[in-house]
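> One structure, pasted below without further comment.
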Amino acid sequence: MDLNGVTKTNLIFNNNNKSNNSFDELKNKESNEESVEKLMKLTEIYRELLLTIGEDPDRQGLQKTPIRAAKALLFFTNGYRVKLKELLNGAIFNEDHDEMVIVKDIEMFSLCEHHLVPIYGYVHIGYLPNKQVLGLSKLARIVEMYSRRLTVQERMTKQIAEAITLAVNPTGVGVVIEATHMCMSMRGVQKINSKTITSCMIGVFRDDPKTREEFLSLTQ
């Protein structure tokens with residue numbers, strides 16, 4: 001297959017020589033051949049999409065759009081290819097610390113599974129350790145693992161909280177996400193200043209009002 005000069009051989013060469021960020025390196029290893037097959041298939045689909053909406057994919061500005069869009073979609077959804085155990089990579093430490101740990105304002109980008117348009121905002125995470133703590137950067141990695149997928153905010157909030165619970169079995173976990181949904185801003189009701197806030201409380205964060213209030217006040 002050759003789409004405007006983009007060949008399978010070229011893609012294999014480019015994939016071998018591109019630089020990946022550390023999150024990309026956590027993806028389940030696919031053979032280079034499998035990765036290229038996915039990229040070629042998506043490129044063909046995006047070219048057909050352009051034709052379907054009445055565009056000319058051969059005009060100068062769109063000649064490389066199908067493959068750019070294909071690469072972008074694979075990046076936006078690379079959370080599917082990450083496993084929690086590989087992501088944590090042993091960054092769990094025995095510590096006799098039983099006070100709240102909070103990481104707030106973790107930037108989050110995702111795709112709405114209903115319209116395939118962006119969701120973006122911030123994630124706030126808190127947990128009460130139970131003899132073990134998690135490397136702080138792993139909290140942000142967990143956010144990326146579940147946000148780099150097609151999702152809804154409610155599910156993502158719960159997935160993040162449950163992953164932290166599975167990782168270190170804390171006394172409690174709280175997760176709050178504040179996000180803007182482009183499916184509400186650029187289509188439908190077109191409310192550009194609206195935000196959606198979701199939360200998930202587990203353990204003492206759910207059962208003890210004082211603990212929950214402390215977490216929520218510290219994440220404001």
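Residues in the structure tokens are named by chain (A, B, ... in the order shown) and by number from 1 within that chain; ligands are numbered from 1 in the order shown.
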Would you please give, as a PyMOL selection string, all residues of region 90-212 of chain A that DSSP assigns to strand (DSSP E or B) based on the backbone?
chain A and resi 92-94+101-112+118-128+132-134+150-151+172-181+196-203
> Would you mind listing what lies within 12 Å of Lys64 (chain A) as a list in words, with only C-alpha atoms counted and same-chain residues fewer than 2 positions away left out?
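The filter keeps Leu3, Asn4, Gly5, Val6, Thr43, Glu44, Tyr46, Arg47, Leu50, Asp56, Pro57, Asp58, Arg59, Gln60, Gly61, Leu62, Pro66, Ile67, Arg68, Ala69, Ala70 and Lys71 of chain A.
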> What would the file look like if the residues just selected were written as a PDB file, in the first residue's frame with N, CA and C atoms?

ATOM      1  N   LEU A   3       0.219   5.370   0.291  1.00  0.00           N
ATOM      2  CA  LEU A   3      -0.699   6.493   0.452  1.00  0.00           C
ATOM      3  C   LEU A   3       0.093   7.784   0.370  1.00  0.00           C
ATOM      4  N   ASN A   4       0.055   8.405  -0.822  1.00  0.00           N
ATOM      5  CA  ASN A   4       0.806   9.640  -1.024  1.00  0.00           C
ATOM      6  C   ASN A   4       2.272   9.483  -0.648  1.00  0.00           C
ATOM      7  N   GLY A   5       2.865   8.412  -1.086  1.00  0.00           N
ATOM      8  CA  GLY A   5       4.289   8.216  -0.855  1.00  0.00           C
ATOM      9  C   GLY A   5       4.630   7.608   0.488  1.00  0.00           C
ATOM     10  N   VAL A   6       3.623   7.352   1.327  1.00  0.00           N
ATOM     11  CA  VAL A   6       3.866   6.733   2.624  1.00  0.00           C
ATOM     12  C   VAL A   6       3.792   5.230   2.440  1.00  0.00           C
ATOM     13  N   THR A  43      -4.316   5.062   8.715  1.00  0.00           N
ATOM     14  CA  THR A  43      -4.039   6.065   7.685  1.00  0.00           C
ATOM     15  C   THR A  43      -5.038   5.948   6.544  1.00  0.00           C
ATOM     16  N   GLU A  44      -5.309   4.720   6.145  1.00  0.00           N
ATOM     17  CA  GLU A  44      -6.279   4.492   5.068  1.00  0.00           C
ATOM     18  C   GLU A  44      -7.681   4.934   5.499  1.00  0.00           C
ATOM     19  N   TYR A  46      -8.448   7.276   7.722  1.00  0.00           N
ATOM     20  CA  TYR A  46      -8.529   8.742   7.760  1.00  0.00           C
ATOM     21  C   TYR A  46      -8.606   9.332   6.354  1.00  0.00           C
ATOM     22  N   ARG A  47      -7.929   8.701   5.408  1.00  0.00           N
ATOM     23  CA  ARG A  47      -8.032   9.179   4.026  1.00  0.00           C
ATOM     24  C   ARG A  47      -9.468   9.027   3.519  1.00  0.00           C
ATOM     25  N   LEU A  50     -11.715  11.727   5.007  1.00  0.00           N
ATOM     26  CA  LEU A  50     -11.606  13.009   4.309  1.00  0.00           C
ATOM     27  C   LEU A  50     -12.430  13.007   3.021  1.00  0.00           C
ATOM     28  N   ASP A  56     -10.535  16.821  -0.380  1.00  0.00           N
ATOM     29  CA  ASP A  56      -9.602  16.222  -1.331  1.00  0.00           C
ATOM     30  C   ASP A  56      -8.311  15.888  -0.592  1.00  0.00           C
ATOM     31  N   PRO A  57      -8.111  14.621  -0.214  1.00  0.00           N
ATOM     32  CA  PRO A  57      -6.914  14.263   0.547  1.00  0.00           C
ATOM     33  C   PRO A  57      -5.621  14.404  -0.243  1.00  0.00           C
ATOM     34  N   ASP A  58      -5.716  14.690  -1.542  1.00  0.00           N
ATOM     35  CA  ASP A  58      -4.513  14.856  -2.352  1.00  0.00           C
ATOM     36  C   ASP A  58      -4.080  16.316  -2.472  1.00  0.00           C
ATOM     37  N   ARG A  59      -4.888  17.231  -1.935  1.00  0.00           N
ATOM     38  CA  ARG A  59      -4.442  18.623  -2.005  1.00  0.00           C
ATOM     39  C   ARG A  59      -3.314  18.848  -1.005  1.00  0.00           C
ATOM     40  N   GLN A  60      -2.524  19.880  -1.245  1.00  0.00           N
ATOM     41  CA  GLN A  60      -1.267  20.043  -0.516  1.00  0.00           C
ATOM     42  C   GLN A  60      -1.427  19.998   1.006  1.00  0.00           C
ATOM     43  N   GLY A  61      -2.422  20.720   1.506  1.00  0.00           N
ATOM     44  CA  GLY A  61      -2.563  20.812   2.958  1.00  0.00           C
ATOM     45  C   GLY A  61      -3.005  19.530   3.634  1.00  0.00           C
ATOM     46  N   LEU A  62      -3.517  18.593   2.870  1.00  0.00           N
ATOM     47  CA  LEU A  62      -4.062  17.366   3.456  1.00  0.00           C
ATOM     48  C   LEU A  62      -3.284  16.109   3.089  1.00  0.00           C
ATOM     49  N   PRO A  66      -3.727  12.199   6.810  1.00  0.00           N
ATOM     50  CA  PRO A  66      -4.140  10.860   7.274  1.00  0.00           C
ATOM     51  C   PRO A  66      -3.112  10.176   8.165  1.00  0.00           C
ATOM     52  N   ILE A  67      -1.847  10.231   7.788  1.00  0.00           N
ATOM     53  CA  ILE A  67      -0.855   9.550   8.629  1.00  0.00           C
ATOM     54  C   ILE A  67      -0.587  10.331   9.911  1.00  0.00           C
ATOM     55  N   ARG A  68      -0.646  11.665   9.852  1.00  0.00           N
ATOM     56  CA  ARG A  68      -0.491  12.452  11.083  1.00  0.00           C
ATOM     57  C   ARG A  68      -1.616  12.127  12.062  1.00  0.00           C
ATOM     58  N   ALA A  69      -2.849  12.078  11.534  1.00  0.00           N
ATOM     59  CA  ALA A  69      -3.999  11.777  12.386  1.00  0.00           C
ATOM     60  C   ALA A  69      -3.908  10.363  12.948  1.00  0.00           C
ATOM     61  N   ALA A  70      -3.431   9.424  12.143  1.00  0.00           N
ATOM     62  CA  ALA A  70      -3.282   8.040  12.603  1.00  0.00           C
ATOM     63  C   ALA A  70      -2.276   7.947  13.750  1.00  0.00           C
ATOM     64  N   LYS A  71      -1.152   8.614  13.592  1.00  0.00           N
ATOM     65  CA  LYS A  71      -0.142   8.615  14.657  1.00  0.00           C
ATOM     66  C   LYS A  71      -0.684   9.273  15.915  1.00  0.00           C
TER      67      LYS A  71
END
> Counting only C-alpha atoms, figure out which residue out of A:Glu214, A:Glu144, A:Glu154, A:Glu34 gets nearest to Val101 (chain A).
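Checking each of A:Glu214, A:Glu144, A:Glu154, A:Glu34 against Val101 (chain A), counting only C-alpha atoms, the winner is A:Glu214.
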> Can you list, as a PyMOL selection string, every residue of chain A that DSSP puts in helix (DSSP H, G or I)?
chain A and resi 8-17+22-25+32-52+60-62+65-76+78-81+84-88+136-147+153-168+182-185+204-207+209-218
> Which residue, A:Asp96, A:Glu213, A:Glu113, A:Asp105, has the smallest gap to Gln153 (chain A) when you use only C-alpha atoms?
A:Glu113
> Could you list, as a list in words, every residue within 12 Å of Arg206 (chain A), counting only C-alpha atoms and ignoring same-chain residues fewer than 2 positions away?
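Those residues are Tyr127, Ala161, Thr171, Gly172, Val173, Gly174, Val175, Ser199, Cys200, Met201, Ile202, Gly203, Val204, Asp208, Pro209, Lys210, Thr211, Arg212, Glu213, Phe215 and Leu216 of chain A.
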> Enter the distance from CA of Tyr122 (chain A) to CA of Ile92 (chain A), in Å, rounded to one decimal.
24.1 Å
> Would you tabulate, counting only C-alpha atoms, all residues of region 118-165 of chain A that have an atom at most 9 Å from an atom of region 183-195 of chain A, showing the closest pair of atoms and their distance in Å to one decimal, sorted by chain then ascending number, as a Markdown table?

| residue | atom | partner | partner_atom | distance |
| --- | --- | --- | --- | --- |
| A:Pro118 | CA | A:Cys183 | CA | 7.6 |
| A:Ile119 | CA | A:Cys183 | CA | 8.2 |
| A:Gly121 | CA | A:Lys195 | CA | 8.8 |
> Under the rule that only C-alpha atoms are counted, which of A:Leu218, A:Glu48, A:Lys41, A:Ala91 is the nearest residue to Gln132 (chain A)?
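Looking only at the distances to Gln132 (chain A), the closest residue turns out to be A:Ala91.
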> Choose the residue, out of A:Leu74, A:Ala179, A:Ile125, A:Val133, that has the smallest atom-to-atom separation from Lys38 (chain A); count only C-alpha atoms.
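Of the candidates, the smallest distance to Lys38 (chain A) is held by A:Leu74.
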> Using only C-alpha atoms, which protein or nucleic acid residues come within 9 Å of Ile164 (chain A)? Drop anything in the same chain fewer than 3 positions from it, and give the result as a ChimeraX atom specification.
/A:127,134,139,142,159-161,167-170,173
> So that I have them on file, write out the residues from the current selection with all heavy atoms, as a PDB file, in the first residue's frame.

ATOM      1  N   TYR A 127      -4.209   9.859  49.303  1.00  0.00           N
ATOM      2  CA  TYR A 127      -4.376   8.545  49.936  1.00  0.00           C
ATOM      3  C   TYR A 127      -3.722   8.530  51.304  1.00  0.00           C
ATOM      4  O   TYR A 127      -2.824   9.334  51.598  1.00  0.00           O
ATOM      5  CB  TYR A 127      -3.829   7.423  49.046  1.00  0.00           C
ATOM      6  CG  TYR A 127      -2.327   7.318  48.921  1.00  0.00           C
ATOM      7  CD1 TYR A 127      -1.591   6.399  49.691  1.00  0.00           C
ATOM      8  CD2 TYR A 127      -1.619   8.109  48.027  1.00  0.00           C
ATOM      9  CE1 TYR A 127      -0.213   6.285  49.569  1.00  0.00           C
ATOM     10  CE2 TYR A 127      -0.247   8.003  47.894  1.00  0.00           C
ATOM     11  CZ  TYR A 127       0.455   7.092  48.670  1.00  0.00           C
ATOM     12  OH  TYR A 127       1.826   6.992  48.546  1.00  0.00           O
ATOM     13  N   LEU A 134       3.708   5.028  47.478  1.00  0.00           N
ATOM     14  CA  LEU A 134       3.925   4.881  46.039  1.00  0.00           C
ATOM     15  C   LEU A 134       4.769   6.037  45.546  1.00  0.00           C
ATOM     16  O   LEU A 134       4.578   7.191  45.976  1.00  0.00           O
ATOM     17  CB  LEU A 134       2.565   4.884  45.332  1.00  0.00           C
ATOM     18  CG  LEU A 134       2.469   4.499  43.863  1.00  0.00           C
ATOM     19  CD1 LEU A 134       3.017   3.103  43.619  1.00  0.00           C
ATOM     20  CD2 LEU A 134       1.009   4.590  43.423  1.00  0.00           C
ATOM     21  N   LEU A 139       1.774   8.198  40.464  1.00  0.00           N
ATOM     22  CA  LEU A 139       0.395   8.667  40.513  1.00  0.00           C
ATOM     23  C   LEU A 139       0.027   9.346  39.194  1.00  0.00           C
ATOM     24  O   LEU A 139      -1.049   9.117  38.634  1.00  0.00           O
ATOM     25  CB  LEU A 139       0.202   9.618  41.689  1.00  0.00           C
ATOM     26  CG  LEU A 139       0.396   8.995  43.079  1.00  0.00           C
ATOM     27  CD1 LEU A 139       0.335  10.070  44.155  1.00  0.00           C
ATOM     28  CD2 LEU A 139      -0.651   7.919  43.343  1.00  0.00           C
ATOM     29  N   ILE A 142      -0.343   6.711  36.498  1.00  0.00           N
ATOM     30  CA  ILE A 142      -1.629   6.020  36.560  1.00  0.00           C
ATOM     31  C   ILE A 142      -2.712   6.862  35.895  1.00  0.00           C
ATOM     32  O   ILE A 142      -3.561   6.353  35.164  1.00  0.00           O
ATOM     33  CB  ILE A 142      -1.994   5.691  38.026  1.00  0.00           C
ATOM     34  CG1 ILE A 142      -1.069   4.578  38.554  1.00  0.00           C
ATOM     35  CG2 ILE A 142      -3.454   5.264  38.144  1.00  0.00           C
ATOM     36  CD1 ILE A 142      -1.198   4.315  40.036  1.00  0.00           C
ATOM     37  N   GLN A 159     -11.413   4.263  38.088  1.00  0.00           N
ATOM     38  CA  GLN A 159     -10.280   3.419  37.707  1.00  0.00           C
ATOM     39  C   GLN A 159      -8.991   3.878  38.380  1.00  0.00           C
ATOM     40  O   GLN A 159      -8.190   3.054  38.833  1.00  0.00           O
ATOM     41  CB  GLN A 159     -10.113   3.427  36.187  1.00  0.00           C
ATOM     42  CG  GLN A 159     -11.157   2.617  35.442  1.00  0.00           C
ATOM     43  CD  GLN A 159     -11.021   2.740  33.933  1.00  0.00           C
ATOM     44  OE1 GLN A 159     -10.665   3.806  33.418  1.00  0.00           O
ATOM     45  NE2 GLN A 159     -11.313   1.663  33.215  1.00  0.00           N
ATOM     46  N   ILE A 160      -8.775   5.183  38.422  1.00  0.00           N
ATOM     47  CA  ILE A 160      -7.564   5.718  39.056  1.00  0.00           C
ATOM     48  C   ILE A 160      -7.542   5.364  40.539  1.00  0.00           C
ATOM     49  O   ILE A 160      -6.528   4.897  41.078  1.00  0.00           O
ATOM     50  CB  ILE A 160      -7.473   7.240  38.846  1.00  0.00           C
ATOM     51  CG1 ILE A 160      -7.258   7.559  37.363  1.00  0.00           C
ATOM     52  CG2 ILE A 160      -6.352   7.841  39.695  1.00  0.00           C
ATOM     53  CD1 ILE A 160      -7.442   9.026  37.013  1.00  0.00           C
ATOM     54  N   ALA A 161      -8.680   5.546  41.209  1.00  0.00           N
ATOM     55  CA  ALA A 161      -8.756   5.246  42.646  1.00  0.00           C
ATOM     56  C   ALA A 161      -8.536   3.761  42.906  1.00  0.00           C
ATOM     57  O   ALA A 161      -7.810   3.370  43.834  1.00  0.00           O
ATOM     58  CB  ALA A 161     -10.109   5.692  43.195  1.00  0.00           C
ATOM     59  N   ALA A 167      -2.469  -1.067  44.140  1.00  0.00           N
ATOM     60  CA  ALA A 167      -1.007  -0.946  44.177  1.00  0.00           C
ATOM     61  C   ALA A 167      -0.447  -1.009  45.595  1.00  0.00           C
ATOM     62  O   ALA A 167       0.545  -1.709  45.848  1.00  0.00           O
ATOM     63  CB  ALA A 167      -0.584   0.360  43.499  1.00  0.00           C
ATOM     64  N   VAL A 168      -1.063  -0.262  46.531  1.00  0.00           N
ATOM     65  CA  VAL A 168      -0.449  -0.142  47.866  1.00  0.00           C
ATOM     66  C   VAL A 168      -1.414  -0.423  49.009  1.00  0.00           C
ATOM     67  O   VAL A 168      -1.038  -0.233  50.182  1.00  0.00           O
ATOM     68  CB  VAL A 168       0.201   1.252  48.058  1.00  0.00           C
ATOM     69  CG1 VAL A 168       1.442   1.390  47.196  1.00  0.00           C
ATOM     70  CG2 VAL A 168      -0.795   2.380  47.769  1.00  0.00           C
ATOM     71  N   ASN A 169      -2.631  -0.847  48.720  1.00  0.00           N
ATOM     72  CA  ASN A 169      -3.599  -1.192  49.758  1.00  0.00           C
ATOM     73  C   ASN A 169      -3.658  -0.128  50.859  1.00  0.00           C
ATOM     74  O   ASN A 169      -3.478  -0.437  52.048  1.00  0.00           O
ATOM     75  CB  ASN A 169      -3.262  -2.563  50.366  1.00  0.00           C
ATOM     76  CG  ASN A 169      -4.371  -3.068  51.268  1.00  0.00           C
ATOM     77  OD1 ASN A 169      -5.546  -2.779  51.051  1.00  0.00           O
ATOM     78  ND2 ASN A 169      -3.990  -3.808  52.306  1.00  0.00           N
ATOM     79  N   PRO A 170      -3.919   1.118  50.523  1.00  0.00           N
ATOM     80  CA  PRO A 170      -3.932   2.169  51.535  1.00  0.00           C
ATOM     81  C   PRO A 170      -5.177   2.100  52.421  1.00  0.00           C
ATOM     82  O   PRO A 170      -6.141   1.382  52.115  1.00  0.00           O
ATOM     83  CB  PRO A 170      -3.942   3.453  50.694  1.00  0.00           C
ATOM     84  CG  PRO A 170      -4.649   3.057  49.442  1.00  0.00           C
ATOM     85  CD  PRO A 170      -4.270   1.622  49.189  1.00  0.00           C
ATOM     86  N   VAL A 173      -8.484   6.150  49.777  1.00  0.00           N
ATOM     87  CA  VAL A 173      -8.068   6.869  48.573  1.00  0.00           C
ATOM     88  C   VAL A 173      -9.179   7.846  48.187  1.00  0.00           C
ATOM     89  O   VAL A 173     -10.367   7.520  48.281  1.00  0.00           O
ATOM     90  CB  VAL A 173      -7.830   5.912  47.371  1.00  0.00           C
ATOM     91  CG1 VAL A 173      -7.459   6.698  46.120  1.00  0.00           C
ATOM     92  CG2 VAL A 173      -6.749   4.900  47.684  1.00  0.00           C
TER      93      VAL A 173
END
> Which one of A:Phe93, A:Thr157, A:Asp98, A:Ala72 sits closest to Leu42 (chain A) if you count only C-alpha atoms?
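Among the listed residues, the smallest separation from Leu42 (chain A) belongs to A:Ala72.
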> So the first atom is CA of Thr165 (chain A) and the second is CA of Tyr80 (chain A); what is the distance between them in Å, to one decimal place?
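Computed distance, CA of Thr165 (chain A) to CA of Tyr80 (chain A), equals 19.8 Å.
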> So the first atom is CA of Ser35 (chain A) and the second is CA of Met182 (chain A); what is the distance between them in Å, to one decimal place?
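It comes out at 29.1 Å.
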